[in-house]
Amino acid sequence: MTKAKIELTNVSVSYFLKKSGNSQKALEKGSVGAQILVGKRYLEVAALKNVSLTINEGERVGLVGINGSGKTTLLKLCAGALSVQSGKLEIVGNVSPQFSLGSGIKSTLSGRQNARLKCLYMGVPQSRILDYVEEVKRLSGLGGYFELPIQSYSAGMKSRFVMSLLPLVRGEILIMDEWINATDTAVDSIQQRLISKAKILLLASHSRAVLETWVERLIWLDRGELRAVGPVSEVYDAYHEYMLANKAAAKK
Ligand SMILES: Nc1ncnc2c1ncn2[C@@H]1O[C@H](COP(=O)(O)OP(=O)(O)OP(=O)(O)O)[C@@H](O)[C@H]1O
């Protein structure tokens, strides 16, 4: 059987925005972001620049970096939600993006109807849909609310509903944008089961505790480039030091 793999060779991705107002302002250095290039009519946000990286089967890899450093862009690429503009991307294995769980939820439909739609969308076989929907209901703990439109849920109820969709995530390559901090042990154990089953885990998080628990190798992305790759504690220490130095410099 072929082994799961993610391989990026010199991959770059930019977003292009129409210029408006004072574009020079976009060049101001902040504590966020990618590199911004000002063209004649467009601003180019260079979200990933010449990234080369190989992740092999069995690896648990984390992504860290300040806001806007390119983590989500890299995850979306690997999930097939974005295409490569230059360079080469090779993915071997089925990808399961957890971050898409909350997307496409229709607020006028009930929890049950949304769960059914999600099953169809995530490719659950027809014969299993009823079981999955019941599992989502049980995990959500929403009781009768499961039959009511999502727009009648509180924010907390909505996020419980989204977390309860976790059993629908299938695939060999698990891609997670931020760990779901489950207060619920049932959801937590599903998350753990998913990770232990995955052939590759790629997880973006700002939390040292989450990264140290779940990944072995850490990638530090800085303005769309790989700044460091290595053991979690080593790379996180370097990232943390850089953040502290940046904060101190900003205070001066
Ligand atoms: N759809 C988009 N259109 C224009 N620019 C975008 C778009 N999506 C992301 N960007 C820009 O690309 C850069 C990288 O964004 P990305 O979401 O990959 O960062 P991130 O590291 O995941 O950030 P965060 O930690 O805040 O989630 C940022 O400068 C962001 O503003």
# chains A, B, ... in the order shown; residues from 1 in each chain; ligands from 1
>>> closest_atom_pairs(of="chain A", to="ligand 1", cutoff="10 Å", atoms="only C-alpha atoms and all ligand atoms", output="JSON lines")
{"residue": "A:Val13", "atom": "CA", "partner": "ligand 1", "partner_atom_place_in_ligand_line": "12 (O)", "distance": 8.8}
{"residue": "A:Ser14", "atom": "CA", "partner": "ligand 1", "partner_atom_place_in_ligand_line": "12 (O)", "distance": 7.3}
{"residue": "A:Tyr15", "atom": "CA", "partner": "ligand 1", "partner_atom_place_in_ligand_line": "4 (C)", "distance": 4.8}
{"residue": "A:Phe16", "atom": "CA", "partner": "ligand 1", "partner_atom_place_in_ligand_line": "4 (C)", "distance": 6.4}
{"residue": "A:Leu17", "atom": "CA", "partner": "ligand 1", "partner_atom_place_in_ligand_line": "4 (C)", "distance": 6.4}
{"residue": "A:Lys18", "atom": "CA", "partner": "ligand 1", "partner_atom_place_in_ligand_line": "4 (C)", "distance": 10.0}
{"residue": "A:Val32", "atom": "CA", "partner": "ligand 1", "partner_atom_place_in_ligand_line": "29 (O)", "distance": 7.2}
{"residue": "A:Gly33", "atom": "CA", "partner": "ligand 1", "partner_atom_place_in_ligand_line": "29 (O)", "distance": 4.0}
{"residue": "A:Ala34", "atom": "CA", "partner": "ligand 1", "partner_atom_place_in_ligand_line": "29 (O)", "distance": 4.2}
{"residue": "A:Gln35", "atom": "CA", "partner": "ligand 1", "partner_atom_place_in_ligand_line": "29 (O)", "distance": 7.1}
{"residue": "A:Ile36", "atom": "CA", "partner": "ligand 1", "partner_atom_place_in_ligand_line": "29 (O)", "distance": 7.7}
{"residue": "A:Leu43", "atom": "CA", "partner": "ligand 1", "partner_atom_place_in_ligand_line": "4 (C)", "distance": 9.3}
{"residue": "A:Glu44", "atom": "CA", "partner": "ligand 1", "partner_atom_place_in_ligand_line": "5 (N)", "distance": 8.4}
{"residue": "A:Val45", "atom": "CA", "partner": "ligand 1", "partner_atom_place_in_ligand_line": "12 (O)", "distance": 5.9}
{"residue": "A:Ala46", "atom": "CA", "partner": "ligand 1", "partner_atom_place_in_ligand_line": "12 (O)", "distance": 6.7}
{"residue": "A:Ala47", "atom": "CA", "partner": "ligand 1", "partner_atom_place_in_ligand_line": "13 (C)", "distance": 4.4}
{"residue": "A:Leu48", "atom": "CA", "partner": "ligand 1", "partner_atom_place_in_ligand_line": "14 (C)", "distance": 7.5}
{"residue": "A:Leu63", "atom": "CA", "partner": "ligand 1", "partner_atom_place_in_ligand_line": "21 (O)", "distance": 8.7}
{"residue": "A:Val64", "atom": "CA", "partner": "ligand 1", "partner_atom_place_in_ligand_line": "21 (O)", "distance": 7.7}
{"residue": "A:Gly65", "atom": "CA", "partner": "ligand 1", "partner_atom_place_in_ligand_line": "21 (O)", "distance": 6.0}
{"residue": "A:Ile66", "atom": "CA", "partner": "ligand 1", "partner_atom_place_in_ligand_line": "25 (O)", "distance": 5.7}
{"residue": "A:Asn67", "atom": "CA", "partner": "ligand 1", "partner_atom_place_in_ligand_line": "26 (O)", "distance": 3.4}
{"residue": "A:Gly68", "atom": "CA", "partner": "ligand 1", "partner_atom_place_in_ligand_line": "19 (O)", "distance": 3.3}
{"residue": "A:Ser69", "atom": "CA", "partner": "ligand 1", "partner_atom_place_in_ligand_line": "21 (O)", "distance": 3.8}
{"residue": "A:Gly70", "atom": "CA", "partner": "ligand 1", "partner_atom_place_in_ligand_line": "18 (O)", "distance": 3.2}
{"residue": "A:Lys71", "atom": "CA", "partner": "ligand 1", "partner_atom_place_in_ligand_line": "21 (O)", "distance": 3.8}
{"residue": "A:Thr72", "atom": "CA", "partner": "ligand 1", "partner_atom_place_in_ligand_line": "22 (O)", "distance": 3.6}
{"residue": "A:Thr73", "atom": "CA", "partner": "ligand 1", "partner_atom_place_in_ligand_line": "18 (O)", "distance": 3.7}
{"residue": "A:Leu74", "atom": "CA", "partner": "ligand 1", "partner_atom_place_in_ligand_line": "18 (O)", "distance": 6.5}
{"residue": "A:Leu75", "atom": "CA", "partner": "ligand 1", "partner_atom_place_in_ligand_line": "18 (O)", "distance": 8.0}
{"residue": "A:Lys76", "atom": "CA", "partner": "ligand 1", "partner_atom_place_in_ligand_line": "18 (O)", "distance": 8.3}
{"residue": "A:Leu77", "atom": "CA", "partner": "ligand 1", "partner_atom_place_in_ligand_line": "18 (O)", "distance": 9.9}
{"residue": "A:Asp177", "atom": "CA", "partner": "ligand 1", "partner_atom_place_in_ligand_line": "22 (O)", "distance": 8.0}
{"residue": "A:Glu178", "atom": "CA", "partner": "ligand 1", "partner_atom_place_in_ligand_line": "27 (O)", "distance": 8.6}
{"residue": "A:Ala204", "atom": "CA", "partner": "ligand 1", "partner_atom_place_in_ligand_line": "22 (O)", "distance": 7.9}
{"residue": "A:Ser205", "atom": "CA", "partner": "ligand 1", "partner_atom_place_in_ligand_line": "25 (O)", "distance": 8.0}
{"residue": "A:His206", "atom": "CA", "partner": "ligand 1", "partner_atom_place_in_ligand_line": "25 (O)", "distance": 7.6}
{"residue": "A:Trp220", "atom": "CA", "partner": "ligand 1", "partner_atom_place_in_ligand_line": "21 (O)", "distance": 10.0}
{"residue": "A:Leu221", "atom": "CA", "partner": "ligand 1", "partner_atom_place_in_ligand_line": "21 (O)", "distance": 7.5}
{"residue": "A:Asp222", "atom": "CA", "partner": "ligand 1", "partner_atom_place_in_ligand_line": "21 (O)", "distance": 8.4}
{"residue": "A:Arg223", "atom": "CA", "partner": "ligand 1", "partner_atom_place_in_ligand_line": "14 (C)", "distance": 7.8}
{"residue": "A:Gly224", "atom": "CA", "partner": "ligand 1", "partner_atom_place_in_ligand_line": "14 (C)", "distance": 7.1}
>>> residues_around(residues="Arg112 of chain A", least_positions_apart="2", cutoff="8 Å", atoms="only C-alpha atoms", output="list in words")
Ser110, Asn114, Ala115, Arg116, Val133, Lys137, Phe146 and Glu147 of chain A
>>> atom_distance(atom1="atom CA of Ser159 of chain A", atom2="atom CA of Gln191 of chain A")
15.0 Å
>>> select_by_dssp(residues="segment 77-241 of chain A", states="helix (DSSP H, G or I)", output="VMD selection string")
chain A and resid 77 to 78 98 to 100 111 to 121 126 to 140 143 to 147 150 to 152 155 to 163 166 to 168 185 to 197 208 to 214 232 to 241
>>> write_last_selection(atoms="C-alpha atoms", output="mmCIF file, in the first residue's frame")
data_model
loop_
_atom_site.group_PDB
_atom_site.id
_atom_site.type_symbol
_atom_site.label_atom_id
_atom_site.label_comp_id
_atom_site.auth_asym_id
_atom_site.auth_seq_id
_atom_site.Cartn_x
_atom_site.Cartn_y
_atom_site.Cartn_z
ATOM 1 C CA LEU A 77 -3.363 24.201 0.402
ATOM 2 C CA CYS A 78 -2.824 20.767 1.926
ATOM 3 C CA GLN A 98 -11.411 19.477 10.488
ATOM 4 C CA PHE A 99 -11.571 23.240 9.996
ATOM 5 C CA SER A 100 -14.376 22.888 7.503
ATOM 6 C CA GLY A 111 -29.472 20.712 14.017
ATOM 7 C CA ARG A 112 -30.766 17.404 12.646
ATOM 8 C CA GLN A 113 -31.131 18.757 9.082
ATOM 9 C CA ASN A 114 -27.671 20.322 9.227
ATOM 10 C CA ALA A 115 -26.148 17.111 10.569
ATOM 11 C CA ARG A 116 -27.748 15.162 7.694
ATOM 12 C CA LEU A 117 -26.420 17.654 5.134
ATOM 13 C CA LYS A 118 -22.967 17.486 6.700
ATOM 14 C CA CYS A 119 -23.049 13.676 6.453
ATOM 15 C CA LEU A 120 -23.793 13.915 2.739
ATOM 16 C CA TYR A 121 -21.114 16.538 2.258
ATOM 17 C CA GLN A 126 -26.276 6.521 2.954
ATOM 18 C CA SER A 127 -26.793 3.444 5.142
ATOM 19 C CA ARG A 128 -24.842 5.001 8.030
ATOM 20 C CA ILE A 129 -26.328 8.507 7.978
ATOM 21 C CA LEU A 130 -29.078 7.821 10.528
ATOM 22 C CA ASP A 131 -26.564 6.392 13.036
ATOM 23 C CA TYR A 132 -24.215 9.320 12.564
ATOM 24 C CA VAL A 133 -26.996 11.876 13.012
ATOM 25 C CA GLU A 134 -28.066 10.169 16.247
ATOM 26 C CA GLU A 135 -24.469 10.189 17.457
ATOM 27 C CA VAL A 136 -24.210 13.916 16.704
ATOM 28 C CA LYS A 137 -27.425 14.472 18.674
ATOM 29 C CA ARG A 138 -26.184 12.460 21.643
ATOM 30 C CA LEU A 139 -22.805 14.212 21.719
ATOM 31 C CA SER A 140 -24.327 17.666 21.354
ATOM 32 C CA GLY A 143 -31.989 17.484 23.460
ATOM 33 C CA GLY A 144 -35.094 18.997 21.864
ATOM 34 C CA TYR A 145 -33.078 21.916 20.516
ATOM 35 C CA PHE A 146 -31.567 19.508 17.984
ATOM 36 C CA GLU A 147 -34.895 19.703 16.133
ATOM 37 C CA ILE A 150 -29.701 26.739 14.432
ATOM 38 C CA GLN A 151 -30.605 30.449 14.549
ATOM 39 C CA SER A 152 -32.398 29.781 17.825
ATOM 40 C CA ALA A 155 -23.317 30.916 20.753
ATOM 41 C CA GLY A 156 -22.321 28.168 23.203
ATOM 42 C CA MET A 157 -24.979 25.819 21.855
ATOM 43 C CA LYS A 158 -23.802 26.497 18.303
ATOM 44 C CA SER A 159 -20.224 25.624 19.149
ATOM 45 C CA ARG A 160 -21.360 22.443 20.946
ATOM 46 C CA PHE A 161 -23.223 21.507 17.785
ATOM 47 C CA VAL A 162 -20.147 22.095 15.599
ATOM 48 C CA MET A 163 -17.924 20.069 17.961
ATOM 49 C CA LEU A 166 -16.352 15.601 14.794
ATOM 50 C CA PRO A 167 -17.260 11.910 14.306
ATOM 51 C CA LEU A 168 -17.947 12.783 10.647
ATOM 52 C CA THR A 185 -14.888 14.542 27.658
ATOM 53 C CA ALA A 186 -16.899 12.732 24.961
ATOM 54 C CA VAL A 187 -15.808 15.257 22.305
ATOM 55 C CA ASP A 188 -12.285 15.193 23.668
ATOM 56 C CA SER A 189 -12.048 11.441 23.327
ATOM 57 C CA ILE A 190 -13.348 11.576 19.721
ATOM 58 C CA GLN A 191 -10.641 14.108 18.964
ATOM 59 C CA GLN A 192 -8.018 11.825 20.502
ATOM 60 C CA ARG A 193 -9.341 8.799 18.597
ATOM 61 C CA LEU A 194 -9.218 10.738 15.317
ATOM 62 C CA ILE A 195 -5.623 11.733 15.918
ATOM 63 C CA SER A 196 -4.475 8.264 16.876
ATOM 64 C CA LYS A 197 -6.091 6.849 13.699
ATOM 65 C CA ARG A 208 2.490 25.324 23.667
ATOM 66 C CA ALA A 209 0.553 22.783 25.761
ATOM 67 C CA VAL A 210 -1.527 21.625 22.784
ATOM 68 C CA LEU A 211 1.533 21.360 20.542
ATOM 69 C CA GLU A 212 3.636 19.538 23.130
ATOM 70 C CA THR A 213 0.847 17.047 23.713
ATOM 71 C CA TRP A 214 -0.031 16.268 20.125
ATOM 72 C CA VAL A 232 8.586 21.113 19.487
ATOM 73 C CA SER A 233 10.271 22.460 22.616
ATOM 74 C CA GLU A 234 13.301 23.762 20.711
ATOM 75 C CA VAL A 235 11.314 25.555 18.006
ATOM 76 C CA TYR A 236 8.680 26.845 20.432
ATOM 77 C CA ASP A 237 11.411 28.292 22.709
ATOM 78 C CA ALA A 238 12.934 30.161 19.759
ATOM 79 C CA TYR A 239 9.497 31.427 18.673
ATOM 80 C CA HIS A 240 8.648 32.514 22.223
ATOM 81 C CA GLU A 241 11.948 34.377 22.593
#
>>> atom_distance(atom1="atom CA of Lys5 of chain A", atom2="atom CA of Thr54 of chain A")
7.4 Å
>>> select_by_dssp(residues="segment 36-223 of chain A", states="strand (DSSP E or B)", output="count of residues only")
51
>>> residues_around(residues="Ser52 of chain A", least_positions_apart="5", cutoff="6 Å", atoms="only C-alpha atoms", output="count of residues only")
3
>>> atom_distance(atom1="atom CA of Thr108 of chain A", atom2="atom CA of Leu148 of chain A")
8.8 Å
>>> closest_atom_pairs(of="segment 105-175 of chain A", to="segment 87-95 of chain A", cutoff="7 Å", atoms="only C-alpha atoms", output="Markdown table")
| residue | atom | partner | partner_atom | distance |
| --- | --- | --- | --- | --- |
| A:Gly171 | CA | A:Asn94 | CA | 5.1 |
| A:Glu172 | CA | A:Asn94 | CA | 5.3 |
| A:Ile173 | CA | A:Val95 | CA | 4.6 |
| A:Leu174 | CA | A:Val95 | CA | 6.2 |
>>> residues_around(residues="Arg217 of chain A", least_positions_apart="6", cutoff="8 Å", atoms="only C-alpha atoms", output="ChimeraX atom specification")
/A:59-62,229-232
>>> write_last_selection(atoms="N, CA and C atoms", output="mmCIF file, in the first residue's frame")
data_model
loop_
_atom_site.group_PDB
_atom_site.id
_atom_site.type_symbol
_atom_site.label_atom_id
_atom_site.label_comp_id
_atom_site.auth_asym_id
_atom_site.auth_seq_id
_atom_site.Cartn_x
_atom_site.Cartn_y
_atom_site.Cartn_z
ATOM 1 N N GLU A 59 3.901 10.887 10.806
ATOM 2 C CA GLU A 59 4.362 12.126 11.444
ATOM 3 C C GLU A 59 3.208 12.962 12.005
ATOM 4 N N ARG A 60 3.483 13.587 13.133
ATOM 5 C CA ARG A 60 2.544 14.522 13.783
ATOM 6 C C ARG A 60 3.247 15.876 13.789
ATOM 7 N N VAL A 61 2.744 16.780 12.962
ATOM 8 C CA VAL A 61 3.470 18.038 12.737
ATOM 9 C C VAL A 61 2.617 19.244 13.155
ATOM 10 N N GLY A 62 3.243 20.191 13.829
ATOM 11 C CA GLY A 62 2.547 21.401 14.260
ATOM 12 C C GLY A 62 3.006 22.610 13.477
ATOM 13 N N VAL A 229 12.328 24.561 11.723
ATOM 14 C CA VAL A 229 11.625 23.276 11.743
ATOM 15 C C VAL A 229 12.427 22.367 12.664
ATOM 16 N N GLY A 230 11.760 21.727 13.622
ATOM 17 C CA GLY A 230 12.506 20.846 14.515
ATOM 18 C C GLY A 230 11.662 20.356 15.665
ATOM 19 N N PRO A 231 12.305 19.809 16.716
ATOM 20 C CA PRO A 231 11.552 19.314 17.876
ATOM 21 C C PRO A 231 10.725 20.438 18.506
ATOM 22 N N VAL A 232 9.540 20.095 19.021
ATOM 23 C CA VAL A 232 8.586 21.113 19.487
ATOM 24 C C VAL A 232 9.198 22.085 20.491
#
>>> closest_residue(among="A:Leu226, A:Ala4, A:Leu218, A:Leu142", to="Lys49 of chain A", atoms="only C-alpha atoms")
A:Leu226
